[in-house]
>>> print(open('coords-v5.csv').read())   # CSV, N, CA and C atoms
chain,number,residue,atom,x,y,z
A,1,THR,N,50.7,-45.6,79.1
A,1,THR,CA,51.3,-44.4,78.5
A,1,THR,C,50.2,-43.5,77.9
A,2,VAL,N,50.3,-42.2,78.2
A,2,VAL,CA,49.3,-41.3,77.7
A,2,VAL,C,50.0,-40.3,76.8
A,3,HIS,N,49.4,-40.2,75.6
A,3,HIS,CA,50.0,-39.2,74.6
A,3,HIS,C,49.0,-38.0,74.5
A,4,VAL,N,49.6,-36.9,74.5
A,4,VAL,CA,48.7,-35.7,74.3
A,4,VAL,C,49.1,-35.0,73.0
A,5,LEU,N,48.1,-34.7,72.2
A,5,LEU,CA,48.3,-34.0,71.0
A,5,LEU,C,48.1,-32.5,71.2
A,6,ARG,N,49.0,-31.7,70.7
A,6,ARG,CA,48.8,-30.3,70.9
A,6,ARG,C,48.6,-29.7,69.5
A,7,THR,N,47.7,-28.8,69.3
A,7,THR,CA,47.5,-28.2,68.0
A,7,THR,C,48.1,-26.8,68.1
A,8,ARG,N,48.6,-26.4,67.0
A,8,ARG,CA,49.2,-25.0,66.9
A,8,ARG,C,48.1,-24.1,66.5
A,9,LYS,N,48.1,-22.9,67.1
A,9,LYS,CA,47.2,-21.9,66.7
A,9,LYS,C,47.7,-21.2,65.5
A,10,GLN,N,46.8,-21.0,64.5
A,10,GLN,CA,47.2,-20.3,63.3
A,10,GLN,C,46.8,-18.8,63.4
A,11,ALA,N,47.6,-18.0,62.8
A,11,ALA,CA,47.2,-16.6,62.7
A,11,ALA,C,46.0,-16.4,61.9
A,12,PRO,N,45.1,-15.5,62.2
A,12,PRO,CA,43.9,-15.3,61.4
A,12,PRO,C,44.3,-14.9,60.0
A,13,LYS,N,43.5,-15.5,59.0
A,13,LYS,CA,43.8,-15.2,57.6
A,13,LYS,C,43.3,-13.8,57.3
A,14,ARG,N,44.1,-13.1,56.5
A,14,ARG,CA,43.6,-11.8,56.0
A,14,ARG,C,42.9,-12.0,54.7
A,15,LYS,N,41.9,-11.1,54.5
A,15,LYS,CA,41.3,-11.2,53.2
A,15,LYS,C,42.2,-10.5,52.2
A,16,ALA,N,42.4,-11.1,51.0
A,16,ALA,CA,43.3,-10.6,50.0
A,16,ALA,C,42.8,-9.2,49.5
A,17,SER,N,41.5,-9.0,49.4
A,17,SER,CA,41.0,-7.8,48.9
A,17,SER,C,41.3,-6.6,49.9
A,18,ALA,N,41.4,-6.9,51.2
A,18,ALA,CA,41.7,-5.8,52.1
A,18,ALA,C,43.2,-5.4,52.0
A,19,ALA,N,44.0,-6.4,51.7
A,19,ALA,CA,45.5,-6.0,51.6
A,19,ALA,C,45.8,-5.3,50.2
A,20,THR,N,44.9,-5.5,49.2
A,20,THR,CA,45.2,-4.9,47.9
A,20,THR,C,44.3,-3.8,47.6
A,21,THR,N,43.5,-3.3,48.5
A,21,THR,CA,42.6,-2.2,48.2
A,21,THR,C,43.3,-1.0,47.9
A,22,VAL,N,42.9,-0.3,46.8
A,22,VAL,CA,43.5,0.9,46.4
A,22,VAL,C,42.4,2.0,46.5
A,23,GLU,N,42.8,3.1,47.1
A,23,GLU,CA,41.9,4.3,47.2
A,23,GLU,C,41.5,4.8,45.8
A,24,ALA,N,40.4,5.5,45.8
A,24,ALA,CA,40.0,6.1,44.5
A,24,ALA,C,41.0,6.9,43.8
A,25,TYR,N,41.1,6.7,42.5
A,25,TYR,CA,42.1,7.4,41.7
A,25,TYR,C,41.5,7.7,40.3
A,26,ASP,N,42.1,8.6,39.6
A,26,ASP,CA,41.6,8.9,38.2
A,26,ASP,C,42.1,7.8,37.3
A,27,GLU,N,41.2,7.0,36.8
A,27,GLU,CA,41.6,5.8,36.0
A,27,GLU,C,42.2,6.2,34.6
A,28,VAL,N,41.7,7.3,34.1
A,28,VAL,CA,42.2,7.8,32.8
A,28,VAL,C,43.7,8.2,32.9
A,29,LEU,N,43.9,9.0,34.0
A,29,LEU,CA,45.3,9.4,34.2
A,29,LEU,C,46.2,8.2,34.5
A,30,PHE,N,45.7,7.3,35.3
A,30,PHE,CA,46.5,6.1,35.6
A,30,PHE,C,46.9,5.4,34.3
A,31,ASP,N,45.9,5.2,33.4
A,31,ASP,CA,46.2,4.5,32.1
A,31,ASP,C,47.2,5.3,31.3
A,32,GLU,N,47.1,6.6,31.3
A,32,GLU,CA,48.1,7.4,30.6
A,32,GLU,C,49.5,7.3,31.2
A,33,LEU,N,49.6,7.3,32.5
A,33,LEU,CA,50.9,7.2,33.2
A,33,LEU,C,51.5,5.8,33.0
A,34,ARG,N,50.6,4.8,32.9
A,34,ARG,CA,51.1,3.4,32.6
A,34,ARG,C,51.7,3.4,31.2
A,35,GLY,N,51.0,4.1,30.3
A,35,GLY,CA,51.5,4.1,28.9
A,35,GLY,C,52.9,4.8,28.8
A,36,LEU,N,53.0,5.9,29.6
A,36,LEU,CA,54.2,6.7,29.6
A,36,LEU,C,55.3,5.8,30.2
A,37,ARG,N,55.0,5.1,31.3
A,37,ARG,CA,56.0,4.2,31.9
A,37,ARG,C,56.4,3.1,31.0
A,38,ARG,N,55.5,2.6,30.2
A,38,ARG,CA,55.8,1.5,29.3
A,38,ARG,C,56.7,2.0,28.2
A,39,ARG,N,56.5,3.2,27.7
A,39,ARG,CA,57.3,3.8,26.6
A,39,ARG,C,58.7,4.1,27.1
A,40,LEU,N,58.8,4.7,28.3
A,40,LEU,CA,60.1,4.9,28.9
A,40,LEU,C,60.9,3.6,29.2
A,41,ALA,N,60.2,2.6,29.7
A,41,ALA,CA,60.9,1.3,29.9
A,41,ALA,C,61.4,0.7,28.6
A,42,ALA,N,60.6,0.8,27.6
A,42,ALA,CA,61.0,0.2,26.3
A,42,ALA,C,62.2,0.9,25.8
A,43,ALA,N,62.2,2.2,25.9
A,43,ALA,CA,63.4,3.0,25.4
A,43,ALA,C,64.6,2.6,26.2
A,44,ARG,N,64.5,2.3,27.4
A,44,ARG,CA,65.7,2.0,28.3
A,44,ARG,C,65.9,0.5,28.4
A,45,ARG,N,65.0,-0.3,27.8
A,45,ARG,CA,65.1,-1.8,27.8
A,45,ARG,C,65.2,-2.3,29.2
A,46,ILE,N,64.2,-1.8,30.0
A,46,ILE,CA,64.1,-2.3,31.4
A,46,ILE,C,62.6,-2.6,31.6
A,47,PRO,N,62.3,-3.5,32.6
A,47,PRO,CA,60.9,-3.7,32.9
A,47,PRO,C,60.2,-2.5,33.4
A,48,PRO,N,58.9,-2.3,33.1
A,48,PRO,CA,58.2,-1.1,33.5
A,48,PRO,C,58.2,-0.9,35.0
A,49,TYR,N,58.1,-2.0,35.8
A,49,TYR,CA,58.0,-1.8,37.3
A,49,TYR,C,59.3,-1.2,37.9
A,50,VAL,N,60.4,-1.3,37.1
A,50,VAL,CA,61.6,-0.7,37.6
A,50,VAL,C,61.5,0.8,37.7
A,51,ILE,N,60.7,1.4,36.8
A,51,ILE,CA,60.5,2.9,36.8
A,51,ILE,C,59.6,3.2,38.0
A,52,PHE,N,58.4,2.8,38.0
A,52,PHE,CA,57.5,3.0,39.1
A,52,PHE,C,56.5,1.8,39.1
A,53,SER,N,56.1,1.5,40.3
A,53,SER,CA,55.1,0.4,40.5
A,53,SER,C,53.7,0.9,40.2
A,54,ASP,N,52.8,0.0,40.0
A,54,ASP,CA,51.4,0.4,39.8
A,54,ASP,C,50.9,1.1,41.0
A,55,LYS,N,51.3,0.7,42.2
A,55,LYS,CA,50.9,1.4,43.4
A,55,LYS,C,51.3,2.8,43.4
A,56,THR,N,52.5,3.1,42.9
A,56,THR,CA,53.0,4.5,42.8
A,56,THR,C,52.2,5.3,41.8
A,57,LEU,N,51.9,4.6,40.7
A,57,LEU,CA,51.1,5.3,39.6
A,57,LEU,C,49.7,5.6,40.1
A,58,HIS,N,49.1,4.6,40.9
A,58,HIS,CA,47.8,4.9,41.5
A,58,HIS,C,47.8,6.1,42.4
A,59,GLU,N,48.9,6.2,43.2
A,59,GLU,CA,49.0,7.4,44.1
A,59,GLU,C,49.1,8.7,43.3
A,60,MET,N,49.9,8.6,42.2
A,60,MET,CA,50.0,9.8,41.4
A,60,MET,C,48.7,10.2,40.8
A,61,ALA,N,47.9,9.2,40.4
A,61,ALA,CA,46.6,9.4,39.7
A,61,ALA,C,45.6,9.9,40.8
A,62,ARG,N,45.9,9.7,42.0
A,62,ARG,CA,45.0,10.2,43.1
A,62,ARG,C,45.4,11.6,43.6
A,63,ARG,N,46.7,11.8,43.7
A,63,ARG,CA,47.2,13.1,44.3
A,63,ARG,C,47.6,14.2,43.3
A,64,PHE,N,47.8,13.8,42.0
A,64,PHE,CA,48.2,14.8,41.0
A,64,PHE,C,49.4,15.6,41.3
A,65,PRO,N,50.6,15.0,41.6
A,65,PRO,CA,51.7,15.9,42.0
A,65,PRO,C,52.2,16.6,40.7
A,66,THR,N,52.4,17.9,40.9
A,66,THR,CA,52.9,18.7,39.7
A,66,THR,C,54.2,19.5,40.0
A,67,THR,N,54.8,19.2,41.1
A,67,THR,CA,56.1,19.8,41.5
A,67,THR,C,57.0,18.7,42.0
A,68,PRO,N,58.4,18.9,41.9
A,68,PRO,CA,59.3,17.8,42.5
A,68,PRO,C,59.0,17.6,43.9
A,69,GLY,N,58.7,18.6,44.7
A,69,GLY,CA,58.4,18.4,46.1
A,69,GLY,C,57.2,17.5,46.4
A,70,GLN,N,56.1,17.8,45.6
A,70,GLN,CA,54.9,16.9,45.7
A,70,GLN,C,55.2,15.5,45.2
A,71,MET,N,56.0,15.4,44.2
A,71,MET,CA,56.3,14.0,43.7
A,71,MET,C,57.1,13.2,44.8
A,72,LEU,N,58.0,13.9,45.5
A,72,LEU,CA,58.7,13.2,46.5
A,72,LEU,C,57.9,12.7,47.7
A,73,ARG,N,56.7,13.2,47.8
A,73,ARG,CA,55.8,12.7,48.8
A,73,ARG,C,54.9,11.5,48.4
A,74,ILE,N,55.2,11.1,47.2
A,74,ILE,CA,54.5,9.9,46.6
A,74,ILE,C,55.3,8.7,47.0
A,75,ALA,N,54.6,7.7,47.6
A,75,ALA,CA,55.3,6.4,48.0
A,75,ALA,C,56.0,5.8,46.7
A,76,GLY,N,57.2,5.4,46.8
A,76,GLY,CA,57.9,4.8,45.7
A,76,GLY,C,58.7,5.8,44.9
A,77,VAL,N,58.7,7.1,45.2
A,77,VAL,CA,59.5,8.1,44.5
A,77,VAL,C,60.5,8.7,45.5
A,78,GLY,N,61.7,8.4,45.2
A,78,GLY,CA,62.8,9.0,46.0
A,78,GLY,C,63.6,9.9,45.1
A,79,GLU,N,64.7,10.4,45.6
A,79,GLU,CA,65.5,11.4,44.9
A,79,GLU,C,66.0,10.8,43.6
A,80,THR,N,66.5,9.6,43.6
A,80,THR,CA,67.0,9.0,42.4
A,80,THR,C,66.0,8.8,41.3
A,81,LYS,N,64.8,8.3,41.7
A,81,LYS,CA,63.8,8.1,40.7
A,81,LYS,C,63.2,9.4,40.2
A,82,LEU,N,63.2,10.4,41.1
A,82,LEU,CA,62.7,11.7,40.7
A,82,LEU,C,63.6,12.3,39.7
A,83,GLN,N,65.0,12.2,39.9
A,83,GLN,CA,65.9,12.7,38.9
A,83,GLN,C,65.8,12.0,37.6
A,84,ARG,N,65.7,10.6,37.6
A,84,ARG,CA,65.7,9.8,36.4
A,84,ARG,C,64.4,10.0,35.6
A,85,TYR,N,63.2,9.9,36.4
A,85,TYR,CA,61.9,9.8,35.7
A,85,TYR,C,60.9,10.9,36.0
A,86,GLY,N,61.2,11.7,37.0
A,86,GLY,CA,60.2,12.6,37.5
A,86,GLY,C,59.6,13.6,36.5
A,87,LYS,N,60.5,14.2,35.7
A,87,LYS,CA,60.1,15.3,34.8
A,87,LYS,C,59.0,14.8,33.8
A,88,PRO,N,59.2,13.7,33.1
A,88,PRO,CA,58.1,13.4,32.2
A,88,PRO,C,56.8,13.0,32.9
A,89,PHE,N,56.9,12.5,34.1
A,89,PHE,CA,55.6,12.2,34.8
A,89,PHE,C,54.9,13.5,35.3
A,90,ILE,N,55.7,14.4,35.8
A,90,ILE,CA,55.2,15.7,36.2
A,90,ILE,C,54.6,16.4,35.0
A,91,GLU,N,55.3,16.4,33.9
A,91,GLU,CA,54.8,17.1,32.6
A,91,GLU,C,53.5,16.4,32.2
A,92,ALA,N,53.4,15.1,32.3
A,92,ALA,CA,52.2,14.3,31.9
A,92,ALA,C,51.0,14.7,32.8
A,93,ILE,N,51.3,14.8,34.1
A,93,ILE,CA,50.2,15.2,35.0
A,93,ILE,C,49.7,16.6,34.8
A,94,VAL,N,50.6,17.5,34.5
A,94,VAL,CA,50.3,18.9,34.3
A,94,VAL,C,49.5,19.0,33.0
A,95,ALA,N,49.9,18.3,31.9
A,95,ALA,CA,49.2,18.3,30.7
A,95,ALA,C,47.8,17.7,30.8
A,96,PHE,N,47.7,16.6,31.6
A,96,PHE,CA,46.4,16.0,31.9
A,96,PHE,C,45.4,16.9,32.6
A,97,ARG,N,45.9,17.6,33.6
A,97,ARG,CA,45.1,18.6,34.3
A,97,ARG,C,44.7,19.7,33.4
A,98,GLN,N,45.5,20.1,32.4
A,98,GLN,CA,45.1,21.1,31.5
A,98,GLN,C,44.3,20.7,30.4
A,99,GLY,N,44.0,19.4,30.3
A,99,GLY,CA,43.2,18.8,29.3
A,99,GLY,C,44.0,18.5,28.0
A,100,GLY,N,45.3,18.5,28.1
A,100,GLY,CA,46.1,18.2,26.9
A,100,GLY,C,46.4,16.8,26.8
A,101,GLU,N,47.3,16.5,25.8
A,101,GLU,CA,47.7,15.1,25.6
A,101,GLU,C,48.9,14.8,26.4
A,102,VAL,N,49.0,13.5,26.9
A,102,VAL,CA,50.1,13.1,27.6
A,102,VAL,C,51.1,12.5,26.6
A,103,GLY,N,52.3,12.9,26.7
A,103,GLY,CA,53.3,12.3,25.7
A,103,GLY,C,54.6,11.9,26.5
A,104,ALA,N,55.4,11.2,25.8
A,104,ALA,CA,56.7,10.7,26.4
A,104,ALA,C,57.8,11.7,26.3
>>> encode(input="coords-v5.csv", output="structure tokens")
Amino acid sequence: TVHVLRTRKQAPKRKASAATTVEAYDEVLFDELRGLRRRLAAARRIPPYVIFSDKTLHEMARRFPTTPGQMLRIAGVGETKLQRYGKPFIEAIVAFRQGGEVGA
């Protein structure tokens, strides 16, 4: 009797860094948006990621959306989140671009 062993081919492994690479963004704005998100989440007693993910905040800190239309082009921002949370984030980005303080 002859037995043949077959091996399964495995899919090539991806590098973790390639999957999580984030394009250049303004780190100061990102930190301020995270603070705003944290304050809003605390006031609503929800986890911060429910408001916007870090990926969404990275994109905001890269593209600087200052209108509802621009905000809707950010991944992770839909009509509902725009209505619930868009205004303070737009105001924060406008204030940041004008050199002002970002507030909740």
>>> atom_distance(input="coords-v5.csv", atom1="atom CA of A:Gly69", atom2="atom C of A:Arg45")
27.6 Å
>>> closest_residue(input="coords-v5.csv", among="A:Leu57, A:Tyr85, A:Glu79, A:Glu91", to="A:Tyr25", atoms="all atoms listed in the file")
A:Leu57
>>> atom_distance(input="coords-v5.csv", atom1="atom CA of A:Pro88", atom2="atom CA of A:Leu72")
14.3 Å
>>> atom_distance(input="coords-v5.csv", atom1="atom CA of A:Ile90", atom2="atom CA of A:Thr67")
6.8 Å
>>> residues_near_point(input="coords-v5.csv", point="(51.8, 10.5, 47.3)", cutoff="6 Å", atoms="only N, CA and C atoms", output="list in words")
Glu59, Met60, Arg73, Ile74 and Ala75 of chain A
>>> closest_residue(input="coords-v5.csv", among="A:Ala41, A:Tyr49, A:Asp26, A:Leu33", to="A:Phe89", atoms="all atoms listed in the file")
A:Leu33
>>> closest_residue(input="coords-v5.csv", among="A:Gln83, A:Ala61, A:Pro47, A:Leu40", to="A:Val28", atoms="all atoms listed in the file")
A:Ala61
>>> closest_residue(input="coords-v5.csv", among="A:Glu27, A:Val2, A:Gly76, A:Ala95", to="A:Phe52", atoms="only N, CA and C atoms")
A:Gly76
